[in-house]
$ cat protein37.pdb   # PDB, C-alpha atoms
ATOM      1  CA  MET R  63     150.740  61.652  60.985
ATOM      2  CA  SER R  64     151.487  58.195  59.669
ATOM      3  CA  SER R  65     149.973  54.767  60.138
ATOM      4  CA  ILE R  66     152.933  52.577  61.086
ATOM      5  CA  THR R  67     153.419  48.857  61.560
ATOM      6  CA  PHE R  68     156.472  48.119  63.704
ATOM      7  CA  ILE R  69     157.992  44.612  63.555
ATOM      8  CA  GLY R  70     160.675  43.834  66.138
ATOM      9  CA  LEU R  71     159.824  45.141  69.596
ATOM     10  CA  GLY R  72     162.984  44.187  71.454
ATOM     11  CA  ILE R  73     165.353  46.168  73.670
ATOM     12  CA  MET R  74     165.681  48.843  70.997
ATOM     13  CA  GLY R  75     162.497  48.444  69.010
ATOM     14  CA  LEU R  76     159.966  48.885  71.798
ATOM     15  CA  PRO R  77     161.172  52.305  72.998
ATOM     16  CA  MET R  78     161.530  53.441  69.381
ATOM     17  CA  ALA R  79     157.930  52.448  68.692
ATOM     18  CA  ARG R  80     156.803  54.124  71.910
ATOM     19  CA  ASN R  81     158.456  57.387  70.856
ATOM     20  CA  LEU R  82     156.621  57.233  67.525
ATOM     21  CA  THR R  83     153.348  56.787  69.387
ATOM     22  CA  GLN R  84     154.136  59.698  71.694
ATOM     23  CA  ALA R  85     154.828  61.846  68.623
ATOM     24  CA  GLY R  86     151.238  61.239  67.532
ATOM     25  CA  HIS R  87     151.656  58.443  64.997
ATOM     26  CA  ASP R  88     149.297  55.477  64.827
ATOM     27  CA  VAL R  89     151.572  52.513  65.620
ATOM     28  CA  THR R  90     150.699  48.821  65.532
ATOM     29  CA  GLY R  91     153.258  46.419  66.959
ATOM     30  CA  VAL R  92     153.541  42.842  65.773
ATOM     31  CA  VAL R  93     153.984  40.577  68.813
ATOM     32  CA  ARG R  94     153.629  36.841  69.377
ATOM     33  CA  SER R  95     154.133  36.340  73.105
ATOM     34  CA  GLU R  96     151.855  37.328  75.972
ATOM     35  CA  ARG R  97     154.752  39.150  77.641
ATOM     36  CA  GLY R  98     155.455  41.045  74.424
ATOM     37  CA  ARG R  99     151.799  41.918  74.037
ATOM     38  CA  ALA R 100     151.639  43.308  77.581
ATOM     39  CA  ARG R 101     154.800  45.389  77.132
ATOM     40  CA  ALA R 102     153.631  46.791  73.809
ATOM     41  CA  THR R 103     150.198  47.639  75.165
ATOM     42  CA  ASP R 104     151.746  49.376  78.164
ATOM     43  CA  ALA R 105     153.824  51.420  75.710
ATOM     44  CA  GLY R 106     150.649  52.673  74.032
ATOM     45  CA  LEU R 107     150.814  50.526  70.911
ATOM     46  CA  GLN R 108     148.047  48.637  69.220
ATOM     47  CA  VAL R 109     149.091  44.992  68.945
ATOM     48  CA  THR R 110     148.519  42.065  66.630
ATOM     49  CA  GLU R 111     150.077  38.672  65.937
ATOM     50  CA  ASP R 112     149.373  38.818  62.203
ATOM     51  CA  ALA R 113     152.099  40.765  60.403
ATOM     52  CA  ALA R 114     150.470  40.447  56.988
ATOM     53  CA  SER R 115     147.183  41.963  58.118
ATOM     54  CA  ALA R 116     149.003  44.669  60.076
ATOM     55  CA  VAL R 117     150.939  45.950  57.058
ATOM     56  CA  ARG R 118     147.983  45.925  54.640
ATOM     57  CA  ASP R 119     146.817  49.447  55.473
ATOM     58  CA  ALA R 120     150.090  50.858  56.816
ATOM     59  CA  ASP R 121     151.728  53.915  55.283
ATOM     60  CA  VAL R 122     155.067  52.816  56.719
ATOM     61  CA  VAL R 123     156.413  49.462  57.891
ATOM     62  CA  ILE R 124     159.464  49.491  60.176
ATOM     63  CA  THR R 125     161.535  46.386  60.867
ATOM     64  CA  MET R 126     163.981  46.223  63.777
ATOM     65  CA  LEU R 127     165.188  42.614  63.766
ATOM     66  CA  PRO R 128     168.308  40.769  64.965
ATOM     67  CA  ASP R 129     169.974  39.608  61.739
ATOM     68  CA  THR R 130     169.877  39.366  57.953
ATOM     69  CA  PRO R 131     167.883  36.088  57.749
ATOM     70  CA  ASP R 132     165.205  37.551  60.039
ATOM     71  CA  VAL R 133     164.780  40.612  57.829
ATOM     72  CA  ARG R 134     164.753  38.585  54.612
ATOM     73  CA  ALA R 135     162.169  36.126  55.948
ATOM     74  CA  THR R 136     159.939  38.876  57.333
ATOM     75  CA  VAL R 137     160.022  41.025  54.209
ATOM     76  CA  THR R 138     159.383  38.014  51.974
ATOM     77  CA  THR R 139     156.367  37.080  54.122
ATOM     78  CA  ILE R 140     154.768  40.531  54.241
ATOM     79  CA  ALA R 141     155.637  41.722  50.721
ATOM     80  CA  PRO R 142     152.413  40.473  49.046
ATOM     81  CA  ALA R 143     150.330  42.377  51.608
ATOM     82  CA  LEU R 144     152.168  45.705  51.405
ATOM     83  CA  ARG R 145     150.065  48.561  50.108
ATOM     84  CA  GLU R 146     151.054  50.234  46.857
ATOM     85  CA  GLY R 147     152.943  53.436  47.652
ATOM     86  CA  SER R 148     153.919  52.340  51.152
ATOM     87  CA  LEU R 149     157.431  52.660  52.574
ATOM     88  CA  LEU R 150     159.500  49.903  54.193
ATOM     89  CA  ILE R 151     162.198  51.152  56.592
ATOM     90  CA  ASP R 152     164.602  48.506  57.808
ATOM     91  CA  MET R 153     166.280  49.814  60.965
ATOM     92  CA  SER R 154     167.995  46.514  61.740
ATOM     93  CA  THR R 155     171.744  46.098  61.364
ATOM     94  CA  ILE R 156     172.334  43.650  58.519
ATOM     95  CA  ASP R 157     174.623  43.019  55.562
ATOM     96  CA  PRO R 158     174.541  45.869  52.997
ATOM     97  CA  VAL R 159     174.674  43.475  50.039
ATOM     98  CA  ALA R 160     171.679  41.609  51.471
ATOM     99  CA  THR R 161     169.819  44.912  51.890
ATOM    100  CA  ARG R 162     170.100  45.637  48.186
ATOM    101  CA  ASP R 163     169.202  42.064  47.310
ATOM    102  CA  ILE R 164     166.074  42.146  49.488
ATOM    103  CA  ARG R 165     165.005  45.333  47.695
ATOM    104  CA  ALA R 166     165.576  43.718  44.303
ATOM    105  CA  THR R 167     164.109  40.272  44.910
ATOM    106  CA  ALA R 168     161.489  40.524  47.664
ATOM    107  CA  LEU R 169     159.713  43.866  47.254
ATOM    108  CA  PRO R 170     157.395  45.026  44.482
ATOM    109  CA  ASP R 171     158.448  48.169  42.607
ATOM    110  CA  SER R 172     155.434  49.995  44.032
ATOM    111  CA  VAL R 173     156.913  49.860  47.565
ATOM    112  CA  ALA R 174     159.824  52.141  48.495
ATOM    113  CA  MET R 175     162.606  51.050  50.849
ATOM    114  CA  LEU R 176     165.145  52.717  53.122
ATOM    115  CA  ASP R 177     167.835  51.173  55.274
ATOM    116  CA  ALA R 178     168.222  53.179  58.480
ATOM    117  CA  PRO R 179     170.283  51.390  61.131
ATOM    118  CA  VAL R 180     170.789  53.189  64.418
ATOM    119  CA  SER R 181     173.438  53.787  67.052
ATOM    120  CA  GLY R 182     173.010  54.848  70.657
ATOM    121  CA  GLY R 183     171.983  51.683  72.458
ATOM    122  CA  GLU R 184     168.980  51.183  74.686
ATOM    123  CA  ALA R 185     169.482  54.532  76.435
ATOM    124  CA  GLY R 186     169.486  56.373  73.119
ATOM    125  CA  ALA R 187     166.343  54.526  72.024
ATOM    126  CA  VAL R 188     164.527  55.326  75.271
ATOM    127  CA  ASP R 189     165.498  59.006  75.188
ATOM    128  CA  GLY R 190     164.801  59.378  71.465
ATOM    129  CA  VAL R 191     168.334  60.582  70.714
ATOM    130  CA  LEU R 192     169.588  57.826  68.419
ATOM    131  CA  SER R 193     171.980  58.462  65.566
ATOM    132  CA  ILE R 194     170.265  57.265  62.405
ATOM    133  CA  MET R 195     172.267  56.605  59.239
ATOM    134  CA  VAL R 196     169.918  56.455  56.267
ATOM    135  CA  GLY R 197     170.377  54.929  52.831
ATOM    136  CA  GLY R 198     167.900  55.414  49.997
ATOM    137  CA  ALA R 199     166.359  57.889  47.591
ATOM    138  CA  ASP R 200     166.160  61.563  48.557
ATOM    139  CA  ALA R 201     162.372  61.760  48.362
ATOM    140  CA  ASP R 202     161.898  58.673  50.523
ATOM    141  CA  VAL R 203     164.316  59.988  53.149
ATOM    142  CA  GLU R 204     162.422  63.271  53.382
ATOM    143  CA  ARG R 205     159.138  61.424  53.619
ATOM    144  CA  ALA R 206     160.492  59.437  56.579
ATOM    145  CA  ARG R 207     162.283  62.318  58.280
ATOM    146  CA  PRO R 208     159.432  63.183  60.730
ATOM    147  CA  LEU R 209     159.511  59.564  61.906
ATOM    148  CA  PHE R 210     163.267  59.597  62.330
ATOM    149  CA  GLU R 211     163.033  62.853  64.278
ATOM    150  CA  ALA R 212     160.718  61.136  66.779
ATOM    151  CA  MET R 213     163.327  58.438  67.385
ATOM    152  CA  GLY R 214     166.663  60.155  66.953
ATOM    153  CA  LYS R 215     168.698  63.298  67.282
ATOM    154  CA  THR R 216     171.303  62.882  64.543
ATOM    155  CA  ILE R 217     169.715  61.910  61.228
ATOM    156  CA  VAL R 218     172.030  61.802  58.222
ATOM    157  CA  HIS R 219     171.327  60.665  54.676
ATOM    158  CA  VAL R 220     174.550  58.836  53.831
ATOM    159  CA  GLY R 221     173.875  57.654  50.277
ATOM    160  CA  PRO R 222     171.837  55.198  48.195
ATOM    161  CA  LEU R 223     170.152  52.090  49.573
ATOM    162  CA  GLY R 224     172.617  49.957  51.534
ATOM    163  CA  SER R 225     174.806  52.906  52.508
ATOM    164  CA  GLY R 226     173.239  53.085  55.955
ATOM    165  CA  GLN R 227     174.395  49.535  56.642
ATOM    166  CA  VAL R 228     177.927  50.314  55.438
ATOM    167  CA  VAL R 229     178.168  53.294  57.795
ATOM    168  CA  LYS R 230     176.658  51.286  60.661
ATOM    169  CA  ALA R 231     179.276  48.564  60.146
ATOM    170  CA  ALA R 232     182.008  51.189  60.447
ATOM    171  CA  ASN R 233     180.297  52.555  63.550
ATOM    172  CA  GLN R 234     180.248  49.120  65.192
ATOM    173  CA  LEU R 235     183.928  48.647  64.440
ATOM    174  CA  ILE R 236     184.802  51.951  66.125
ATOM    175  CA  VAL R 237     182.604  51.170  69.148
ATOM    176  CA  ALA R 238     184.097  47.717  69.684
ATOM    177  CA  GLY R 239     187.645  49.007  69.327
ATOM    178  CA  ASN R 240     186.928  51.866  71.724
ATOM    179  CA  ILE R 241     185.422  49.551  74.345
ATOM    180  CA  GLN R 242     188.380  47.186  74.112
ATOM    181  CA  MET R 243     190.928  49.980  74.547
ATOM    182  CA  VAL R 244     189.026  51.439  77.512
ATOM    183  CA  ALA R 245     188.879  47.937  79.021
ATOM    184  CA  GLU R 246     192.643  47.560  78.665
ATOM    185  CA  ALA R 247     193.141  51.023  80.153
ATOM    186  CA  VAL R 248     191.029  50.008  83.172
ATOM    187  CA  VAL R 249     193.149  46.876  83.625
ATOM    188  CA  PHE R 250     196.303  49.012  83.423
ATOM    189  CA  LEU R 251     194.990  51.581  85.901
ATOM    190  CA  ARG R 252     194.017  48.926  88.421
ATOM    191  CA  ALA R 253     197.362  47.201  88.139
ATOM    192  CA  GLN R 254     199.109  50.495  88.873
ATOM    193  CA  GLY R 255     196.924  51.222  91.907
ATOM    194  CA  ALA R 256     195.268  54.353  90.489
ATOM    195  CA  ASP R 257     191.872  55.461  91.780
ATOM    196  CA  LEU R 258     189.737  54.213  88.924
ATOM    197  CA  GLU R 259     186.785  56.562  89.330
ATOM    198  CA  SER R 260     189.007  59.661  89.429
ATOM    199  CA  ALA R 261     191.120  58.388  86.552
ATOM    200  CA  LEU R 262     188.146  57.837  84.262
ATOM    201  CA  GLU R 263     186.762  61.259  85.174
ATOM    202  CA  VAL R 264     189.888  63.117  84.127
ATOM    203  CA  ILE R 265     190.498  60.950  81.061
ATOM    204  CA  GLY R 266     186.912  61.569  79.972
ATOM    205  CA  GLY R 267     187.518  65.331  80.033
ATOM    206  CA  GLY R 268     190.471  65.180  77.656
ATOM    207  CA  LEU R 269     191.242  64.025  74.135
ATOM    208  CA  ALA R 270     190.672  60.390  75.138
ATOM    209  CA  GLY R 271     187.104  61.147  76.189
ATOM    210  CA  SER R 272     184.377  59.409  74.208
ATOM    211  CA  THR R 273     180.707  58.528  74.233
ATOM    212  CA  VAL R 274     181.745  54.963  75.087
ATOM    213  CA  LEU R 275     183.626  56.173  78.164
ATOM    214  CA  GLN R 276     180.670  58.330  79.192
ATOM    215  CA  ARG R 277     177.853  55.818  78.698
ATOM    216  CA  LYS R 278     179.724  52.685  79.804
ATOM    217  CA  ARG R 279     181.500  54.259  82.767
ATOM    218  CA  THR R 280     179.280  52.589  85.377
ATOM    219  CA  ALA R 281     179.869  49.205  83.790
ATOM    220  CA  PHE R 282     183.625  49.770  83.795
ATOM    221  CA  LEU R 283     183.567  50.832  87.443
ATOM    222  CA  ASP R 284     181.147  48.225  88.794
ATOM    223  CA  GLY R 285     181.573  45.277  86.483
ATOM    224  CA  ALA R 286     177.815  45.356  85.905
ATOM    225  CA  PHE R 287     177.163  44.107  82.379
ATOM    226  CA  ALA R 288     173.366  44.084  82.049
ATOM    227  CA  PRO R 289     172.702  44.207  78.315
ATOM    228  CA  GLY R 290     172.201  47.533  76.623
ATOM    229  CA  PHE R 291     173.703  46.012  73.487
ATOM    230  CA  ARG R 292     174.479  42.306  73.618
ATOM    231  CA  LEU R 293     177.875  40.854  72.742
ATOM    232  CA  ALA R 294     176.179  38.293  70.492
ATOM    233  CA  LEU R 295     174.767  41.083  68.337
ATOM    234  CA  HIS R 296     178.078  42.916  68.261
ATOM    235  CA  ALA R 297     179.777  39.712  67.121
ATOM    236  CA  LYS R 298     177.264  39.538  64.279
ATOM    237  CA  ASP R 299     177.958  43.162  63.344
ATOM    238  CA  LEU R 300     181.719  42.646  63.318
ATOM    239  CA  GLY R 301     181.171  39.644  61.076
ATOM    240  CA  ILE R 302     179.455  42.003  58.624
ATOM    241  CA  VAL R 303     182.512  44.283  58.745
ATOM    242  CA  GLN R 304     184.874  41.379  58.099
ATOM    243  CA  SER R 305     182.875  39.921  55.203
ATOM    244  CA  SER R 306     182.452  43.326  53.548
ATOM    245  CA  ALA R 307     186.150  44.090  54.038
ATOM    246  CA  ALA R 308     187.101  40.738  52.522
ATOM    247  CA  GLU R 309     184.934  41.442  49.468
ATOM    248  CA  SER R 310     186.824  44.729  49.042
ATOM    249  CA  GLY R 311     190.239  43.115  49.566
ATOM    250  CA  LEU R 312     190.960  45.180  52.675
ATOM    251  CA  SER R 313     193.409  44.372  55.473
ATOM    252  CA  LEU R 314     192.016  45.445  58.855
ATOM    253  CA  PRO R 315     194.220  43.764  61.475
ATOM    254  CA  LEU R 316     192.812  45.468  64.583
ATOM    255  CA  THR R 317     189.303  44.676  63.378
ATOM    256  CA  ALA R 318     190.276  41.013  63.270
ATOM    257  CA  ALA R 319     191.713  41.171  66.797
ATOM    258  CA  VAL R 320     188.705  42.784  68.465
ATOM    259  CA  THR R 321     186.356  40.507  66.514
ATOM    260  CA  GLN R 322     188.118  37.449  67.925
ATOM    261  CA  LEU R 323     187.873  38.821  71.477
ATOM    262  CA  VAL R 324     184.144  39.448  71.112
ATOM    263  CA  ARG R 325     183.616  36.001  69.593
ATOM    264  CA  ALA R 326     185.589  34.378  72.417
ATOM    265  CA  LEU R 327     183.201  35.866  74.972
ATOM    266  CA  VAL R 328     180.176  34.739  72.974
ATOM    267  CA  ALA R 329     181.595  31.225  72.520
ATOM    268  CA  ARG R 330     182.072  30.744  76.238
ATOM    269  CA  GLY R 331     178.494  31.758  77.018
ATOM    270  CA  ASP R 332     178.685  35.512  77.641
ATOM    271  CA  GLY R 333     176.817  36.532  74.495
ATOM    272  CA  ASP R 334     173.854  37.944  76.425
ATOM    273  CA  LEU R 335     176.041  40.366  78.376
ATOM    274  CA  ASP R 336     176.565  43.976  77.353
ATOM    275  CA  HIS R 337     179.487  44.607  75.000
ATOM    276  CA  SER R 338     181.244  46.436  77.849
ATOM    277  CA  ALA R 339     181.899  42.903  79.171
ATOM    278  CA  LEU R 340     185.024  42.996  77.018
ATOM    279  CA  LEU R 341     186.426  44.240  80.345
ATOM    280  CA  LYS R 342     185.712  40.791  81.818
ATOM    281  CA  LEU R 343     188.047  39.074  79.384
ATOM    282  CA  ALA R 344     190.695  41.797  79.565
ATOM    283  CA  GLY R 345     190.719  41.461  83.341
ATOM    284  CA  GLU R 346     190.862  37.679  83.324
ATOM    285  CA  LEU R 347     193.792  37.665  80.907
ATOM    286  CA  ASN R 348     195.659  39.659  83.550
ATOM    287  CA  GLY R 349     194.446  37.898  86.683
ATOM    288  CA  GLN R 350     192.016  40.655  87.671
ATOM    289  CA  ASP R 351     188.411  40.486  88.821
ATOM    290  CA  SER R 352     186.295  42.653  86.514
ATOM    291  CA  THR R 353     184.337  44.028  89.502
ATOM    292  CA  SER R 354     185.655  47.238  91.022
ATOM    293  CA  GLU R 355     186.402  47.402  94.720
ATOM    294  CA  ARG R 356     185.313  51.006  95.104
TER
END
$ encode --input "protein37.pdb" --output "structure tokens"
Amino acid sequence: MSSITFIGLGIMGLPMARNLTQAGHDVTGVVRSERGRARATDAGLQVTEDAASAVRDADVVITMLPDTPDVRATVTTIAPALREGSLLIDMSTIDPVATRDIRATALPDSVAMLDAPVSGGEAGAVDGVLSIMVGGADADVERARPLFEAMGKTIVHVGPLGSGQVVKAANQLIVAGNIQMVAEAVVFLRAQGADLESALEVIGGGLAGSTVLQRKRTAFLDGAFAPGFRLALHAKDLGIVQSSAAESGLSLPLTAAVTQLVRALVARGDGDLDHSALLKLAGELNGQDSTSER
């Protein structure tokens, strides 16, 4: 069993850390607020406010932070305290170029690093069934595999460091596009007077079925957009796709369209809603209330 320091105990990070604790690992969470301390303690974690002291004796340090600057700042701060031979696993979703740069400029050679972003949302984190896309050296991936197995169901080594972030960017593009098309289908179904609940049930059983349709079905039916994955974070992720695509000279027109729709919702103040709130905007563009009348 490993001694783990977990930095980033948010909607996703806290249940991930709890699952590591329940698997028998010794987990210390870095928290700064009283509310965060109480939640982490209730989850069975040891807690501290001092990240540098927490990582000093850790076998593994896991970061699960909102954006690239957060990861860079955190790693730069804790790097001098990291133990020789320890492993840093960044499970945030950040820019793949930045991931490689952080490895090269912020970490000593004696510390190994993996990038291992996840997919599955809050429900997947709570249930320990996340999809984890891992970039890094073979030996480091195998060393971390027992930890990944405590947090996820589908664990795939996708290439060298930074590859996990590339695959996660593609994942976020597919998710956003899928949500938008389901949202437009809901608007179409309502306009035609179809029974929405029955329609989504039969569509979900055919070729058009998807994990998005399954997990976001209640939101589509009820117009309840409590955050499982916030629009603001999805906007950030789609920005990573666009910048990486631009560097490669790619033309991704539908990516641009769905990115603008997500950004429009964030700009008007809906960034803290779940990404299924794309239905809100699709409905409004067509004079519909996003809340079902069932």
$ residues_around --input "protein37.pdb" --residues "range 69-74 of chain R" --least-positions-apart "2" --cutoff "8 Å" --atoms "all atoms listed in the file" --output "CSV table (one decimal) with C-alpha atoms, in the frame of the given file"
chain,number,residue,atom,x,y,z
R,67,THR,CA,153.4,48.9,61.6
R,76,LEU,CA,160.0,48.9,71.8
R,77,PRO,CA,161.2,52.3,73.0
R,78,MET,CA,161.5,53.4,69.4
R,79,ALA,CA,157.9,52.4,68.7
R,91,GLY,CA,153.3,46.4,67.0
R,92,VAL,CA,153.5,42.8,65.8
R,93,VAL,CA,154.0,40.6,68.8
R,98,GLY,CA,155.5,41.0,74.4
R,102,ALA,CA,153.6,46.8,73.8
R,113,ALA,CA,152.1,40.8,60.4
R,123,VAL,CA,156.4,49.5,57.9
R,124,ILE,CA,159.5,49.5,60.2
R,125,THR,CA,161.5,46.4,60.9
R,126,MET,CA,164.0,46.2,63.8
R,127,LEU,CA,165.2,42.6,63.8
R,183,GLY,CA,172.0,51.7,72.5
R,184,GLU,CA,169.0,51.2,74.7
R,187,ALA,CA,166.3,54.5,72.0
R,188,VAL,CA,164.5,55.3,75.3
R,290,GLY,CA,172.2,47.5,76.6
$ resolve_selection --input "protein37.pdb" --expression "the PyMOL selection byres ((chain R and resi 88) around 7)" --output "list in words"
Ser64, Ser65, Ile66, Thr83, Gly86, His87, Val89 and Thr90 of chain R
$ residues_around --input "protein37.pdb" --residues "range 275-278 of chain R" --least-positions-apart "2" --cutoff "8 Å" --atoms "all atoms listed in the file" --output "PyMOL selection string"
chain R and resi 241+244+262+266+271-273+280-282+338
$ residues_near_point --input "protein37.pdb" --point "(186.9, 52.8, 66.3)" --cutoff "12 Å" --atoms "all atoms listed in the file" --output "PyMOL selection string"
chain R and resi 230-244+272-274+300+314+316-317+320
$ atom_distance --input "protein37.pdb" --atom1 "CA of Phe210 in chain R" --atom2 "CA of Val133 in chain R"
19.6 Å
$ residues_around --input "protein37.pdb" --residues "Ser154 in chain R" --least-positions-apart "3" --cutoff "12 Å" --atoms "all atoms listed in the file" --output "ChimeraX atom specification"
/R:68-72,74-75,124-134,136,150-151,157-158,160-161,176-181,194-196,224,226-227,230-231,295,298-299
$ atom_distance --input "protein37.pdb" --atom1 "CA of Ala206 in chain R" --atom2 "CA of Met153 in chain R"
12.1 Å
$ residues_around --input "protein37.pdb" --residues "Ala253 in chain R" --least-positions-apart "4" --cutoff "12 Å" --atoms "all atoms listed in the file" --output "PyMOL selection string"
chain R and resi 246-249+257-258+345+348-351
$ residues_around --input "protein37.pdb" --residues "Thr216 in chain R" --least-positions-apart "3" --cutoff "8 Å" --atoms "only C-alpha atoms" --output "list of chain:residue names"
R:Val191, R:Leu192, R:Ser193, R:Ile194
$ resolve_selection --input "protein37.pdb" --expression "the PyMOL selection byres ((chain R and resi 339) around 12)" --output "MDAnalysis selection string"
chainID R and resid 238 241:242 244:246 278:294 296 323:328 331:338 340:346 351:353
$ write_last_selection --input "protein37.pdb" --atoms "C-alpha atoms" --output "PDB file, keeping the file's coordinate frame"
ATOM      1  CA  ALA R 238     184.097  47.717  69.684  1.00  0.00           C
ATOM      2  CA  ILE R 241     185.422  49.551  74.345  1.00  0.00           C
ATOM      3  CA  GLN R 242     188.380  47.186  74.112  1.00  0.00           C
ATOM      4  CA  VAL R 244     189.026  51.439  77.512  1.00  0.00           C
ATOM      5  CA  ALA R 245     188.879  47.937  79.021  1.00  0.00           C
ATOM      6  CA  GLU R 246     192.643  47.560  78.665  1.00  0.00           C
ATOM      7  CA  LYS R 278     179.724  52.685  79.804  1.00  0.00           C
ATOM      8  CA  ARG R 279     181.500  54.259  82.767  1.00  0.00           C
ATOM      9  CA  THR R 280     179.280  52.589  85.377  1.00  0.00           C
ATOM     10  CA  ALA R 281     179.869  49.205  83.790  1.00  0.00           C
ATOM     11  CA  PHE R 282     183.625  49.770  83.795  1.00  0.00           C
ATOM     12  CA  LEU R 283     183.567  50.832  87.443  1.00  0.00           C
ATOM     13  CA  ASP R 284     181.147  48.225  88.794  1.00  0.00           C
ATOM     14  CA  GLY R 285     181.573  45.277  86.483  1.00  0.00           C
ATOM     15  CA  ALA R 286     177.815  45.356  85.905  1.00  0.00           C
ATOM     16  CA  PHE R 287     177.163  44.107  82.379  1.00  0.00           C
ATOM     17  CA  ALA R 288     173.366  44.084  82.049  1.00  0.00           C
ATOM     18  CA  PRO R 289     172.702  44.207  78.315  1.00  0.00           C
ATOM     19  CA  GLY R 290     172.201  47.533  76.623  1.00  0.00           C
ATOM     20  CA  PHE R 291     173.703  46.012  73.487  1.00  0.00           C
ATOM     21  CA  ARG R 292     174.479  42.306  73.618  1.00  0.00           C
ATOM     22  CA  LEU R 293     177.875  40.854  72.742  1.00  0.00           C
ATOM     23  CA  ALA R 294     176.179  38.293  70.492  1.00  0.00           C
ATOM     24  CA  HIS R 296     178.078  42.916  68.261  1.00  0.00           C
ATOM     25  CA  LEU R 323     187.873  38.821  71.477  1.00  0.00           C
ATOM     26  CA  VAL R 324     184.144  39.448  71.112  1.00  0.00           C
ATOM     27  CA  ARG R 325     183.616  36.001  69.593  1.00  0.00           C
ATOM     28  CA  ALA R 326     185.589  34.378  72.417  1.00  0.00           C
ATOM     29  CA  LEU R 327     183.201  35.866  74.972  1.00  0.00           C
ATOM     30  CA  VAL R 328     180.176  34.739  72.974  1.00  0.00           C
ATOM     31  CA  GLY R 331     178.494  31.758  77.018  1.00  0.00           C
ATOM     32  CA  ASP R 332     178.685  35.512  77.641  1.00  0.00           C
ATOM     33  CA  GLY R 333     176.817  36.532  74.495  1.00  0.00           C
ATOM     34  CA  ASP R 334     173.854  37.944  76.425  1.00  0.00           C
ATOM     35  CA  LEU R 335     176.041  40.366  78.376  1.00  0.00           C
ATOM     36  CA  ASP R 336     176.565  43.976  77.353  1.00  0.00           C
ATOM     37  CA  HIS R 337     179.487  44.607  75.000  1.00  0.00           C
ATOM     38  CA  SER R 338     181.244  46.436  77.849  1.00  0.00           C
ATOM     39  CA  LEU R 340     185.024  42.996  77.018  1.00  0.00           C
ATOM     40  CA  LEU R 341     186.426  44.240  80.345  1.00  0.00           C
ATOM     41  CA  LYS R 342     185.712  40.791  81.818  1.00  0.00           C
ATOM     42  CA  LEU R 343     188.047  39.074  79.384  1.00  0.00           C
ATOM     43  CA  ALA R 344     190.695  41.797  79.565  1.00  0.00           C
ATOM     44  CA  GLY R 345     190.719  41.461  83.341  1.00  0.00           C
ATOM     45  CA  GLU R 346     190.862  37.679  83.324  1.00  0.00           C
ATOM     46  CA  ASP R 351     188.411  40.486  88.821  1.00  0.00           C
ATOM     47  CA  SER R 352     186.295  42.653  86.514  1.00  0.00           C
ATOM     48  CA  THR R 353     184.337  44.028  89.502  1.00  0.00           C
TER      49      THR R 353
END
$ residues_near_point --input "protein37.pdb" --point "(146.0, 37.1, 49.8)" --cutoff "10 Å" --atoms "all atoms listed in the file" --output "list of chain:residue names"
R:Ala114, R:Ser115, R:Pro142, R:Ala143
$ closest_residue --input "protein37.pdb" --among "R:Leu251, R:Ala174, R:Ala185, R:Ala270" --to "Gly214 in chain R" --atoms "only C-alpha atoms"
R:Ala185
$ axis_aligned_box --input "protein37.pdb" --around "range 101-111 of chain R" --padding-each-side "3 Å" --output "AutoDock Vina command-line options"
--center_x 151.4 --center_y 45.7 --center_z 72.1 --size_x 12.8 --size_y 20.0 --size_z 18.2
$ atom_distance --input "protein37.pdb" --atom1 "CA of Ser148 in chain R" --atom2 "CA of Asp200 in chain R"
15.5 Å
$ closest_residue --input "protein37.pdb" --among "R:Ala212, R:Ala318, R:Val218, R:Asp121" --to "Gly190 in chain R" --atoms "only C-alpha atoms"
R:Ala212
$ resolve_selection --input "protein37.pdb" --expression "the PyMOL selection byres ((chain R and resi 170) around 10)" --output "PyMOL selection string"
chain R and resi 141-142+144-146+165-169+171-174
